[in-house]
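For reference, the structure discussed in these notes is given below.
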Amino acid sequence: MTNLLTIPFKRTYELNVKDGVTQYLQEREGRNPAQFRDDILRWHDLRQNAVVPTVHVNRVDPALMYHAQLVSILTKLPNDIGLGIAYNTAFDPEAIPITLRNLAFERACVIFNIGALYSQLAGKEDRMQDEGIKRVIKYNQHAAGVFDYLLGILPTLAYSPNEEQLPPDLTESFIKTLRFLSIAQAQESTWQFARGQNRGNSILAKLAQSASKFYSSAYDYGTEPLVRHLFPPPFLAQINAKALHFAAVAQYRKSMDDLERSLYGVQVARLHEALSSSKKAFDAARYGKASNAVIGDIQSMLDMLKKEAISAERDNDLIYHKDVPPSSELESVSPADMAKPDVPAGLLHMNGYLEKPLFRGLIGWGTREAINIYNDRKAKLVDENIVNVIQKIKGNARDELRTRHLPASLEALQKPVGIPQSLLNRAEDLKREDGVQKIETMFNDIDILRDQVRELLEQAMTILDEECEEDDRLRDSDYEEELEAHPLSQDANAPFIQQADKLNAEIAAAKERDNHVQKLWDDWEDSIKLLLASEDEISQSIPASHASPGRMNPDTRKYSQALRGCLEELDRVHEQCDDLVYRARLLQEADDIETKVIQEAEGLSQLTVIRPALFEDLLDKELSKYDRFLRPVKDLQETHADILERISIQNELFLNSRKEDPEIRKREQALQNLDVAFQKYEEIVEELENGHKTYNSIMQQVTRFDETCRIFFRERSLQAHSIITQARSSQSWSVVSSSQQTVPSGPSSQEVSAPPTQSQPSESAVAASRFVFPPPPGAVPPAGMQMQFPPPDSDDWEPMQLPPPPPQKQPTRATNERRAVLG
């Protein structure tokens with residue numbers, strides 16, 4: 001029996017790669033899965049071949065190949081593509097598996113199992129031969145190297161905040177325990193090989209001290225509070241016993257070296273120190289139930305040390321008469337670390353396994369995310385630095401002109417009768433857009449969107465309610481105790497309730513904006529509809545003035561002309577603003593940097609995890625092409641402010657120079673009202689368009705929320721039913737065991753008393769308890785188990801009323817003939 005520990009595999013389960021990847025490609029990538037059919041099938045086959053729990057050296061390459069392909073896949077796909085990946089914890093293969101939608105989790109587990117494979121390969125070797133010892137050293141160093149490599153990628157193993165369970169055996173303390181255990185066993189085998197080569201006691205002492213040091217480190221990490229419960233107690237006990245045992249070996253070998261150097265008192269002190277450590281090792285191994293091989297080794301060492309200590313003390317007392325120093329004054333034994341973690345070449349250099357990388361034609365998720373980031377930045381730059389600034393410029397002008405009743409006050413004086421051309425142009429624009437019908441349609445669309453959003457959110461909340469009801473129902477069943485570790489529904493769904501409250505608040509805020517726009521429409525509907533009327537109807541609504549432009553005083557004419565010139569200049573500035581926005585939008589639509597990003601990504605290493613940060617320089621360079629719009633925007637702002645200031649001055653001069661006329665004032669107010677009505681129409685349309693965008697955005701959030709709620713319900717239900725199924729399986733086995741112990745076999749068996757309950761069970765229940773149900777599928781029944789029935793003459797058999805037999809038929813002629821023949 002070997003005295004080395006081996007690390008078990010993390011047990012995994014069937015993974016539906018085809019459906020998960022197909023759905024991801026369709027819904028998230030917008031790609032036809034048929035293009036990647038061979039890649040999907042090959043992924044499935046690679047995994048099936050890699051996770052076979054067979055301990056043979058030819059299983060290393062398939063695992064390394066699958067790992068290399070996973071690393072390549074992670075450069076193309078995000079961690080979460082909807083694949084639920086299930087693994088048990090390493091030392092508890094029968095527990096409920098932890099299921100995560102995380103490809104990085106799959107990669108970490110594959111690496112873990114490669115380390116476990118090397119550990120088990122070492123455990124199978126024969127250490128009675130030098131070649132076997134060398135292979136044990138190599139495999140254990142590879143195992144330590146694999147766990148060292150795994151420690152390096154643990155920080156990249158990001159988990160979703162919605163994950164209820166996280167893999168406790170993929171934590172730093174747990175992996176460091178296995179890493180130091182592997183290197184300790186390699187060092188122990190190095191010590192064994194050196195002893196077989198008859199190396200000197202000084203060297204053997206240093207090698208043993210190093211083994212003790214590594215075992216101590218493994219024990220220290222393995223007994224940390226967060227991971228201690230994950231290891232079987234005998235496992236940790238054996239590590240501790242080995243640490244103490246090799247400390248004793250180091251002192252013993254050093255005492256032999258002291259004897260060779262005639263340090264007799266030091267020899268006796270070291271033998272006492274070795275004896276103390278050996279006793280502790282024996283206690284740790286015996287009480288911790290370490291393997292018999294380890295207990296036997298320590299027992300032999302302990303017996304030998306007792307004899308050596310007595311002999312050395314007698315020789316020193318009778319012959320040498322040397323002082324025995326206290327243990328605190330002994331020179332420590334320097335360790336000689338010969339074993340070191342050795343990362344397999346297949347983990348460090350994966351290109352040899354990637355002659356045909358999967359999903360070669362798919363843009364990597366980091367590349368795609370960089371493109372998305374650029375598009376977002378581009379849109380934000382155009383919207384915030386160009387479009388919004390231009391809108392603010394025009395909005396300020398509109399507010400300034402409205403405050404000064406322009407151009408209505410000017411047109412009322414210059415055109416005392418009829419409709420000014422500027423107003424006719426606006427009425428024509430409104431008719432061309434079928435303004436009233438457009439607004440009513442937009443209001444209706446928003447109402448429909450709002451109802452759909454509310455209905456979908458209510459549907460998601462119903463799912464959460466159903467989950468809560470199922471949780472309560474299961475806890476009210478016979479498995480309440482088993483479900484204690486399963487989080488309560490109100491605790492588990494708290495983040496979902498918070499998200500729902502946030503979405504409800506967004507819907508309420510959007511509804512408030514809708515009410516504001518509706519009131520705006522109610523206030524200005526009649527005036528807007530008037531602009532859609534005929535010219536005669538519009539003209540009749542505008543009072544005429546009897547003032548003649550020819551009788552205008554010279555100052556008023558001069559100032560009105562100057563004011564008209566400023567307004568026309570303002571119109572030209574607004575045209576330049578519109579042209580600038582048009583050209584910026586045109587560039588934004590045509591600006592596609594996908595080819596450039598892909599080219600830069602192809603220049604990187606094939607296995608580089610491509611992250612958007614790698615493209616920052618390229619994104620900054622490409623965004624600089626929009627700088628040519630930013631300077632004109634600033635110039636237009638300055639020009640616009642100058643024109644508004646001149647309009648203010650000229651309007652003041654114009655108003656002071658003209659003669660106040662009540663008819664002109666009425667006409668001015670009518671023209672101003674229609675001008676503002678058109679502006680309100682534009683404002684209402686803009687607000688409705690924004691509202692439409694808002695509800696579409698909320699709809700996307702609610703859709704994702706609904707999908708997340710469904711996944712939450714499904715996973716919670718699976719977890720709860722897994723716990724119950726496991727409990728039922730345990731109960732089934734306990735029924736089998738109880739039946740074997742309490743129901744005697746043979747015709748003379750007596751009645752079996754039912755287990756004590758609060759009420760006496762019925763006779764039928766007692767009779768039913770004699771039947772032993774079969775074990776769950778896949779279980780191995782205990783030897784000798786068989787069905788047990790009461791004796792034929794027992795009172796436990798209950799009579800059963802059977803239905804009457806069918807009426808007897810008259811025998812046919814053929815039947816009579818057969819009876820005659822058989823006669």
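Residue numbering restarts at 1 in every chain; chains get A, B, ... in the order shown in the structure tokens, and ligands count up from 1 in that same order.
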
key: Non-local contacts of Gly288 of chain A (10 Å; only C-alpha atoms; under 6 positions in same chain excluded) as a PyMOL selection string   = chain A and resi 232-238+240-241+282

Next, write the just-selected residues to a file, as an mmCIF file, in the first residue's frame, keeping C-alpha atoms as the atom set.
```
data_model
loop_
_atom_site.group_PDB
_atom_site.id
_atom_site.type_symbol
_atom_site.label_atom_id
_atom_site.label_comp_id
_atom_site.auth_asym_id
_atom_site.auth_seq_id
_atom_site.Cartn_x
_atom_site.Cartn_y
_atom_site.Cartn_z
ATOM 1 C CA PRO A 232 -11.556 14.451 4.777
ATOM 2 C CA PRO A 233 -10.080 14.482 8.321
ATOM 3 C CA PRO A 234 -7.705 11.549 7.571
ATOM 4 C CA PHE A 235 -6.324 13.514 4.622
ATOM 5 C CA LEU A 236 -5.235 16.454 6.764
ATOM 6 C CA ALA A 237 -4.148 14.123 9.580
ATOM 7 C CA GLN A 238 -1.786 12.315 7.232
ATOM 8 C CA ASN A 240 0.288 16.710 9.600
ATOM 9 C CA ALA A 241 1.753 13.327 10.549
ATOM 10 C CA PHE A 282 2.312 8.801 15.671
#
```

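Considering the residues A:Arg646, A:Lys680, A:Ile497, A:Lys378 and counting only C-alpha atoms, Asp627 of chain A has its shortest atom-to-atom contact with A:Lys378.
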
Contact residues around segment 212-229 of chain A with only C-alpha atoms at 6 Å, ignoring same-chain residues under 6 positions, as JSON, numbers by chain = {"A": [173, 177, 180, 181, 184, 239, 240, 243, 246, 247]}

Please write the residues from the selection above to a file, keeping all heavy atoms, as a PDB file, in the first residue's frame.
```pdb
ATOM      1  N   SER A 173      -6.500  29.300  -0.810  1.00  0.00           N
ATOM      2  CA  SER A 173      -6.051  28.429   0.290  1.00  0.00           C
ATOM      3  C   SER A 173      -6.142  26.957  -0.100  1.00  0.00           C
ATOM      4  O   SER A 173      -5.241  26.158   0.188  1.00  0.00           O
ATOM      5  CB  SER A 173      -6.884  28.694   1.541  1.00  0.00           C
ATOM      6  OG  SER A 173      -6.694  30.015   1.998  1.00  0.00           O
ATOM      7  N   THR A 177      -2.943  24.393  -0.691  1.00  0.00           N
ATOM      8  CA  THR A 177      -2.807  23.145   0.052  1.00  0.00           C
ATOM      9  C   THR A 177      -2.351  22.017  -0.875  1.00  0.00           C
ATOM     10  O   THR A 177      -1.409  21.270  -0.569  1.00  0.00           O
ATOM     11  CB  THR A 177      -4.144  22.761   0.707  1.00  0.00           C
ATOM     12  OG1 THR A 177      -4.572  23.825   1.562  1.00  0.00           O
ATOM     13  CG2 THR A 177      -4.012  21.482   1.516  1.00  0.00           C
ATOM     14  N   PHE A 180       1.347  22.601  -2.239  1.00  0.00           N
ATOM     15  CA  PHE A 180       2.404  22.250  -1.298  1.00  0.00           C
ATOM     16  C   PHE A 180       2.414  20.756  -1.001  1.00  0.00           C
ATOM     17  O   PHE A 180       3.484  20.175  -0.771  1.00  0.00           O
ATOM     18  CB  PHE A 180       2.260  23.058  -0.003  1.00  0.00           C
ATOM     19  CG  PHE A 180       2.819  24.445  -0.101  1.00  0.00           C
ATOM     20  CD1 PHE A 180       1.984  25.551  -0.138  1.00  0.00           C
ATOM     21  CD2 PHE A 180       4.186  24.653  -0.178  1.00  0.00           C
ATOM     22  CE1 PHE A 180       2.500  26.834  -0.234  1.00  0.00           C
ATOM     23  CE2 PHE A 180       4.713  25.933  -0.279  1.00  0.00           C
ATOM     24  CZ  PHE A 180       3.874  27.024  -0.321  1.00  0.00           C
ATOM     25  N   LEU A 181       1.224  20.120  -1.013  1.00  0.00           N
ATOM     26  CA  LEU A 181       1.184  18.669  -0.826  1.00  0.00           C
ATOM     27  C   LEU A 181       1.944  17.970  -1.955  1.00  0.00           C
ATOM     28  O   LEU A 181       2.747  17.054  -1.714  1.00  0.00           O
ATOM     29  CB  LEU A 181      -0.260  18.183  -0.777  1.00  0.00           C
ATOM     30  CG  LEU A 181      -0.447  16.664  -0.819  1.00  0.00           C
ATOM     31  CD1 LEU A 181       0.180  16.009   0.417  1.00  0.00           C
ATOM     32  CD2 LEU A 181      -1.925  16.308  -0.930  1.00  0.00           C
ATOM     33  N   ALA A 184       5.621  18.517  -1.632  1.00  0.00           N
ATOM     34  CA  ALA A 184       6.125  17.783  -0.467  1.00  0.00           C
ATOM     35  C   ALA A 184       6.337  16.312  -0.808  1.00  0.00           C
ATOM     36  O   ALA A 184       7.348  15.707  -0.417  1.00  0.00           O
ATOM     37  CB  ALA A 184       5.145  17.924   0.702  1.00  0.00           C
ATOM     38  N   ILE A 239      -1.228  14.530   6.332  1.00  0.00           N
ATOM     39  CA  ILE A 239      -0.291  15.608   5.999  1.00  0.00           C
ATOM     40  C   ILE A 239       0.435  16.078   7.257  1.00  0.00           C
ATOM     41  O   ILE A 239       1.657  16.268   7.260  1.00  0.00           O
ATOM     42  CB  ILE A 239      -1.040  16.775   5.323  1.00  0.00           C
ATOM     43  CG1 ILE A 239      -1.595  16.336   3.965  1.00  0.00           C
ATOM     44  CG2 ILE A 239      -0.123  17.985   5.154  1.00  0.00           C
ATOM     45  CD1 ILE A 239      -2.455  17.397   3.289  1.00  0.00           C
ATOM     46  N   ASN A 240      -0.313  16.261   8.344  1.00  0.00           N
ATOM     47  CA  ASN A 240       0.288  16.710   9.600  1.00  0.00           C
ATOM     48  C   ASN A 240       1.273  15.666  10.132  1.00  0.00           C
ATOM     49  O   ASN A 240       2.378  16.000  10.597  1.00  0.00           O
ATOM     50  CB  ASN A 240      -0.818  16.965  10.623  1.00  0.00           C
ATOM     51  CG  ASN A 240      -0.293  17.575  11.908  1.00  0.00           C
ATOM     52  OD1 ASN A 240       0.687  18.319  11.898  1.00  0.00           O
ATOM     53  ND2 ASN A 240      -0.926  17.256  13.016  1.00  0.00           N
ATOM     54  N   ALA A 243       4.450  15.814   8.167  1.00  0.00           N
ATOM     55  CA  ALA A 243       5.268  16.980   8.520  1.00  0.00           C
ATOM     56  C   ALA A 243       6.079  16.693   9.782  1.00  0.00           C
ATOM     57  O   ALA A 243       7.288  16.971   9.856  1.00  0.00           O
ATOM     58  CB  ALA A 243       4.381  18.208   8.714  1.00  0.00           C
ATOM     59  N   PHE A 246       8.791  13.746   9.137  1.00  0.00           N
ATOM     60  CA  PHE A 246      10.031  14.120   8.450  1.00  0.00           C
ATOM     61  C   PHE A 246      10.855  15.121   9.258  1.00  0.00           C
ATOM     62  O   PHE A 246      12.071  15.218   9.066  1.00  0.00           O
ATOM     63  CB  PHE A 246       9.731  14.631   7.038  1.00  0.00           C
ATOM     64  CG  PHE A 246       9.594  13.511   6.045  1.00  0.00           C
ATOM     65  CD1 PHE A 246       8.355  13.015   5.687  1.00  0.00           C
ATOM     66  CD2 PHE A 246      10.722  12.916   5.513  1.00  0.00           C
ATOM     67  CE1 PHE A 246       8.235  11.965   4.802  1.00  0.00           C
ATOM     68  CE2 PHE A 246      10.617  11.854   4.624  1.00  0.00           C
ATOM     69  CZ  PHE A 246       9.363  11.374   4.265  1.00  0.00           C
ATOM     70  N   ALA A 247      10.201  15.842  10.169  1.00  0.00           N
ATOM     71  CA  ALA A 247      10.989  16.648  11.116  1.00  0.00           C
ATOM     72  C   ALA A 247      11.813  15.727  12.010  1.00  0.00           C
ATOM     73  O   ALA A 247      12.994  15.999  12.321  1.00  0.00           O
ATOM     74  CB  ALA A 247      10.060  17.522  11.953  1.00  0.00           C
TER      75      ALA A 247
END
```

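Here the question is which of A:Asp317, A:Glu29, A:Asp323, A:Glu616 gets nearest to Val597 of chain A using only C-alpha atoms, and that residue is A:Glu616.
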
task = Fewer than 3 positions away in the same chain doesn't count, so skip those; otherwise give me all residues within 9 Å of Pro53 of chain A, counting only C-alpha atoms, as a ChimeraX atom specification.
result = /A:9,11,50,59,113,117

request  = Could you please determine the separation between atom CA of Ser648 of chain A and atom CA of Gln391 of chain A in Å, to one decimal place?
outcome  = 20.6 Å

If you count only C-alpha atoms, which residues fall within 10 Å of Phe615 of chain A, apart from same-chain ones fewer than 3 positions away, as a short mmCIF file (atom, residue, chain, number, x, y, z; two decimals) with N, CA and C atoms, in the first residue's frame?
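What follows is the written file around-v5.cif:
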```
data_model
loop_
_atom_site.label_atom_id
_atom_site.label_comp_id
_atom_site.auth_asym_id
_atom_site.auth_seq_id
_atom_site.Cartn_x
_atom_site.Cartn_y
_atom_site.Cartn_z
N GLY A 366 -13.69 40.23 -27.15
CA GLY A 366 -12.94 41.44 -26.80
C GLY A 366 -12.86 42.39 -27.98
N THR A 367 -12.64 41.82 -29.17
CA THR A 367 -12.62 42.63 -30.40
C THR A 367 -13.98 43.26 -30.63
N ALA A 370 -14.64 45.99 -28.21
CA ALA A 370 -13.90 47.21 -28.56
C ALA A 370 -14.65 47.98 -29.64
N ILE A 371 -15.20 47.27 -30.61
CA ILE A 371 -16.00 47.93 -31.67
C ILE A 371 -17.23 48.58 -31.06
N TYR A 374 -16.24 51.70 -29.21
CA TYR A 374 -15.98 52.80 -30.15
C TYR A 374 -17.30 53.40 -30.64
N VAL A 597 -9.98 47.08 -36.45
CA VAL A 597 -9.86 46.42 -35.15
C VAL A 597 -9.51 44.95 -35.34
N GLU A 600 -5.88 44.56 -36.27
CA GLU A 600 -4.99 44.73 -35.12
C GLU A 600 -5.07 43.52 -34.20
N ALA A 601 -6.27 42.94 -34.06
CA ALA A 601 -6.43 41.75 -33.22
C ALA A 601 -5.67 40.57 -33.81
N ILE A 610 -8.01 38.74 -25.64
CA ILE A 610 -8.16 40.08 -26.20
C ILE A 610 -9.19 40.85 -25.39
N ARG A 611 -8.73 41.94 -24.82
CA ARG A 611 -9.61 42.81 -24.04
C ARG A 611 -9.68 44.16 -24.72
N PRO A 612 -10.81 44.86 -24.53
CA PRO A 612 -10.98 46.15 -25.21
C PRO A 612 -9.86 47.14 -24.93
N LEU A 618 -5.91 52.82 -30.84
CA LEU A 618 -6.63 52.83 -32.12
C LEU A 618 -7.94 53.59 -32.00
N LEU A 619 -8.67 53.38 -30.91
CA LEU A 619 -9.96 54.06 -30.74
C LEU A 619 -9.76 55.57 -30.64
N ASP A 620 -8.75 56.00 -29.88
CA ASP A 620 -8.48 57.43 -29.76
C ASP A 620 -8.13 58.04 -31.12
#
```

Could you list, as a PDB file with all heavy atoms, in the first residue's frame, every residue within 9 Å of Lys206 of chain A, counting only C-alpha atoms and ignoring same-chain residues fewer than 4 positions away?
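Generated output (selection.pdb):
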```pdb
ATOM      1  N   TRP A 191      14.023  12.433  -1.287  1.00  0.00           N
ATOM      2  CA  TRP A 191      14.714  11.930  -0.100  1.00  0.00           C
ATOM      3  C   TRP A 191      14.864  10.404  -0.153  1.00  0.00           C
ATOM      4  O   TRP A 191      15.931   9.851   0.135  1.00  0.00           O
ATOM      5  CB  TRP A 191      13.930  12.340   1.146  1.00  0.00           C
ATOM      6  CG  TRP A 191      14.427  11.699   2.410  1.00  0.00           C
ATOM      7  CD1 TRP A 191      15.437  12.128   3.215  1.00  0.00           C
ATOM      8  CD2 TRP A 191      13.942  10.485   3.003  1.00  0.00           C
ATOM      9  NE1 TRP A 191      15.612  11.260   4.271  1.00  0.00           N
ATOM     10  CE2 TRP A 191      14.708  10.238   4.164  1.00  0.00           C
ATOM     11  CE3 TRP A 191      12.940   9.573   2.658  1.00  0.00           C
ATOM     12  CZ2 TRP A 191      14.503   9.146   4.975  1.00  0.00           C
ATOM     13  CZ3 TRP A 191      12.730   8.478   3.458  1.00  0.00           C
ATOM     14  CH2 TRP A 191      13.502   8.267   4.615  1.00  0.00           C
ATOM     15  N   ASN A 201      24.484  11.428   5.650  1.00  0.00           N
ATOM     16  CA  ASN A 201      23.447  11.794   6.619  1.00  0.00           C
ATOM     17  C   ASN A 201      23.131  13.283   6.582  1.00  0.00           C
ATOM     18  O   ASN A 201      21.991  13.692   6.799  1.00  0.00           O
ATOM     19  CB  ASN A 201      23.892  11.379   8.025  1.00  0.00           C
ATOM     20  CG  ASN A 201      23.801   9.880   8.222  1.00  0.00           C
ATOM     21  OD1 ASN A 201      22.771   9.287   7.937  1.00  0.00           O
ATOM     22  ND2 ASN A 201      24.881   9.278   8.697  1.00  0.00           N
ATOM     23  N   SER A 202      24.122  14.122   6.351  1.00  0.00           N
ATOM     24  CA  SER A 202      23.899  15.560   6.305  1.00  0.00           C
ATOM     25  C   SER A 202      22.945  15.924   5.174  1.00  0.00           C
ATOM     26  O   SER A 202      22.014  16.725   5.341  1.00  0.00           O
ATOM     27  CB  SER A 202      25.225  16.299   6.130  1.00  0.00           C
ATOM     28  OG  SER A 202      25.015  17.685   6.017  1.00  0.00           O
ATOM     29  N   SER A 210      13.353  19.657   4.308  1.00  0.00           N
ATOM     30  CA  SER A 210      12.596  20.335   3.247  1.00  0.00           C
ATOM     31  C   SER A 210      11.223  19.692   3.070  1.00  0.00           C
ATOM     32  O   SER A 210      10.211  20.387   2.918  1.00  0.00           O
ATOM     33  CB  SER A 210      13.383  20.278   1.937  1.00  0.00           C
ATOM     34  OG  SER A 210      12.682  20.941   0.923  1.00  0.00           O
ATOM     35  N   ALA A 211      11.170  18.355   3.087  1.00  0.00           N
ATOM     36  CA  ALA A 211       9.878  17.663   2.983  1.00  0.00           C
ATOM     37  C   ALA A 211       8.961  18.062   4.131  1.00  0.00           C
ATOM     38  O   ALA A 211       7.763  18.310   3.950  1.00  0.00           O
ATOM     39  CB  ALA A 211      10.094  16.154   2.957  1.00  0.00           C
ATOM     40  N   ALA A 250      14.675  14.286   9.917  1.00  0.00           N
ATOM     41  CA  ALA A 250      15.747  15.272   9.741  1.00  0.00           C
ATOM     42  C   ALA A 250      16.634  15.325  10.980  1.00  0.00           C
ATOM     43  O   ALA A 250      17.877  15.345  10.886  1.00  0.00           O
ATOM     44  CB  ALA A 250      15.142  16.643   9.452  1.00  0.00           C
ATOM     45  N   ARG A 253      18.731  11.998  11.192  1.00  0.00           N
ATOM     46  CA  ARG A 253      19.862  11.958  10.261  1.00  0.00           C
ATOM     47  C   ARG A 253      20.948  12.963  10.666  1.00  0.00           C
ATOM     48  O   ARG A 253      22.144  12.704  10.520  1.00  0.00           O
ATOM     49  CB  ARG A 253      19.355  12.248   8.844  1.00  0.00           C
ATOM     50  CG  ARG A 253      18.593  11.098   8.234  1.00  0.00           C
ATOM     51  CD  ARG A 253      19.503   9.916   7.956  1.00  0.00           C
ATOM     52  NE  ARG A 253      18.773   8.748   7.477  1.00  0.00           N
ATOM     53  CZ  ARG A 253      19.357   7.618   7.077  1.00  0.00           C
ATOM     54  NH1 ARG A 253      20.685   7.504   7.133  1.00  0.00           N
ATOM     55  NH2 ARG A 253      18.630   6.614   6.664  1.00  0.00           N
ATOM     56  N   LYS A 254      20.506  14.097  11.188  1.00  0.00           N
ATOM     57  CA  LYS A 254      21.495  15.085  11.651  1.00  0.00           C
ATOM     58  C   LYS A 254      22.226  14.551  12.885  1.00  0.00           C
ATOM     59  O   LYS A 254      23.442  14.808  13.078  1.00  0.00           O
ATOM     60  CB  LYS A 254      20.792  16.411  11.972  1.00  0.00           C
ATOM     61  CG  LYS A 254      21.761  17.537  12.312  1.00  0.00           C
ATOM     62  CD  LYS A 254      22.689  17.854  11.147  1.00  0.00           C
ATOM     63  CE  LYS A 254      23.583  19.041  11.471  1.00  0.00           C
ATOM     64  NZ  LYS A 254      24.631  19.243  10.451  1.00  0.00           N
ATOM     65  N   VAL A 333      18.299  22.567  11.240  1.00  0.00           N
ATOM     66  CA  VAL A 333      18.694  21.836  10.038  1.00  0.00           C
ATOM     67  C   VAL A 333      18.251  22.645   8.823  1.00  0.00           C
ATOM     68  O   VAL A 333      17.066  22.955   8.657  1.00  0.00           O
ATOM     69  CB  VAL A 333      18.060  20.436  10.005  1.00  0.00           C
ATOM     70  CG1 VAL A 333      18.495  19.691   8.744  1.00  0.00           C
ATOM     71  CG2 VAL A 333      18.414  19.665  11.259  1.00  0.00           C
ATOM     72  N   SER A 334      19.195  22.994   7.973  1.00  0.00           N
ATOM     73  CA  SER A 334      18.872  23.794   6.786  1.00  0.00           C
ATOM     74  C   SER A 334      18.192  22.917   5.736  1.00  0.00           C
ATOM     75  O   SER A 334      18.710  21.837   5.409  1.00  0.00           O
ATOM     76  CB  SER A 334      20.145  24.409   6.187  1.00  0.00           C
ATOM     77  OG  SER A 334      20.783  25.232   7.129  1.00  0.00           O
ATOM     78  N   PRO A 335      17.045  23.359   5.210  1.00  0.00           N
ATOM     79  CA  PRO A 335      16.374  22.538   4.194  1.00  0.00           C
ATOM     80  C   PRO A 335      17.086  22.633   2.845  1.00  0.00           C
ATOM     81  O   PRO A 335      17.714  23.647   2.531  1.00  0.00           O
ATOM     82  CB  PRO A 335      14.972  23.153   4.127  1.00  0.00           C
ATOM     83  CG  PRO A 335      15.153  24.573   4.536  1.00  0.00           C
ATOM     84  CD  PRO A 335      16.276  24.577   5.542  1.00  0.00           C
ATOM     85  N   ALA A 336      16.960  21.573   2.060  1.00  0.00           N
ATOM     86  CA  ALA A 336      17.491  21.544   0.691  1.00  0.00           C
ATOM     87  C   ALA A 336      16.326  21.248  -0.248  1.00  0.00           C
ATOM     88  O   ALA A 336      15.895  20.099  -0.379  1.00  0.00           O
ATOM     89  CB  ALA A 336      18.576  20.489   0.560  1.00  0.00           C
ATOM     90  N   ASP A 337      15.790  22.298  -0.856  1.00  0.00           N
ATOM     91  CA  ASP A 337      14.600  22.143  -1.704  1.00  0.00           C
ATOM     92  C   ASP A 337      15.017  21.650  -3.087  1.00  0.00           C
ATOM     93  O   ASP A 337      15.377  22.440  -3.977  1.00  0.00           O
ATOM     94  CB  ASP A 337      13.866  23.480  -1.830  1.00  0.00           C
ATOM     95  CG  ASP A 337      13.408  24.014  -0.482  1.00  0.00           C
ATOM     96  OD1 ASP A 337      13.392  23.237   0.477  1.00  0.00           O
ATOM     97  OD2 ASP A 337      13.074  25.222  -0.406  1.00  0.00           O
TER      98      ASP A 337
END
```

Could you name the residues that touch Phe443 of chain A at 10 Å or less, counting only C-alpha atoms, but leaving out those on the same chain fewer than 6 positions away, as a CSV table (one decimal) with N, CA, C and O atoms, in the first residue's frame?
```
chain,number,residue,atom,x,y,z
A,437,GLN,N,-52.1,64.0,-37.2
A,437,GLN,CA,-52.1,62.6,-37.2
A,437,GLN,C,-50.8,61.9,-36.7
A,437,GLN,O,-50.8,60.9,-36.0
A,449,LEU,N,-46.7,50.7,-26.0
A,449,LEU,CA,-45.4,50.3,-25.4
A,449,LEU,C,-45.4,50.3,-23.9
A,449,LEU,O,-44.9,49.4,-23.3
A,514,ASP,N,-44.9,61.7,-19.9
A,514,ASP,CA,-46.0,61.5,-20.9
A,514,ASP,C,-47.1,62.4,-20.5
A,514,ASP,O,-47.8,63.1,-21.4
A,517,VAL,N,-46.3,66.0,-21.6
A,517,VAL,CA,-46.4,66.2,-23.0
A,517,VAL,C,-47.9,66.2,-23.4
A,517,VAL,O,-48.3,67.0,-24.3
A,518,GLN,N,-48.7,65.4,-22.8
A,518,GLN,CA,-50.2,65.4,-23.1
A,518,GLN,C,-50.8,66.7,-22.7
A,518,GLN,O,-51.6,67.2,-23.5
A,685,VAL,N,-43.2,66.8,-30.7
A,685,VAL,CA,-42.7,65.6,-31.5
A,685,VAL,C,-41.4,65.1,-30.9
A,685,VAL,O,-41.2,63.9,-30.8
A,688,LEU,N,-42.1,63.2,-27.7
A,688,LEU,CA,-42.7,61.9,-27.9
A,688,LEU,C,-41.6,60.9,-28.5
A,688,LEU,O,-41.6,59.8,-28.2
A,689,GLU,N,-40.7,61.4,-29.3
A,689,GLU,CA,-39.6,60.6,-29.8
A,689,GLU,C,-38.7,60.1,-28.7
A,689,GLU,O,-38.3,59.0,-28.6
A,691,GLY,N,-39.7,59.9,-25.6
A,691,GLY,CA,-40.5,58.9,-24.8
A,691,GLY,C,-40.5,57.5,-25.4
A,691,GLY,O,-40.4,56.5,-24.7
A,692,HIS,N,-40.5,57.5,-26.8
A,692,HIS,CA,-40.5,56.2,-27.5
A,692,HIS,C,-39.2,55.5,-27.2
A,692,HIS,O,-39.1,54.3,-26.9
```

DSSP-assigned strand (DSSP E or B) members of segment 86-329 of chain A, reported as an MDAnalysis selection string = chainID A and resid 86:87 98:100
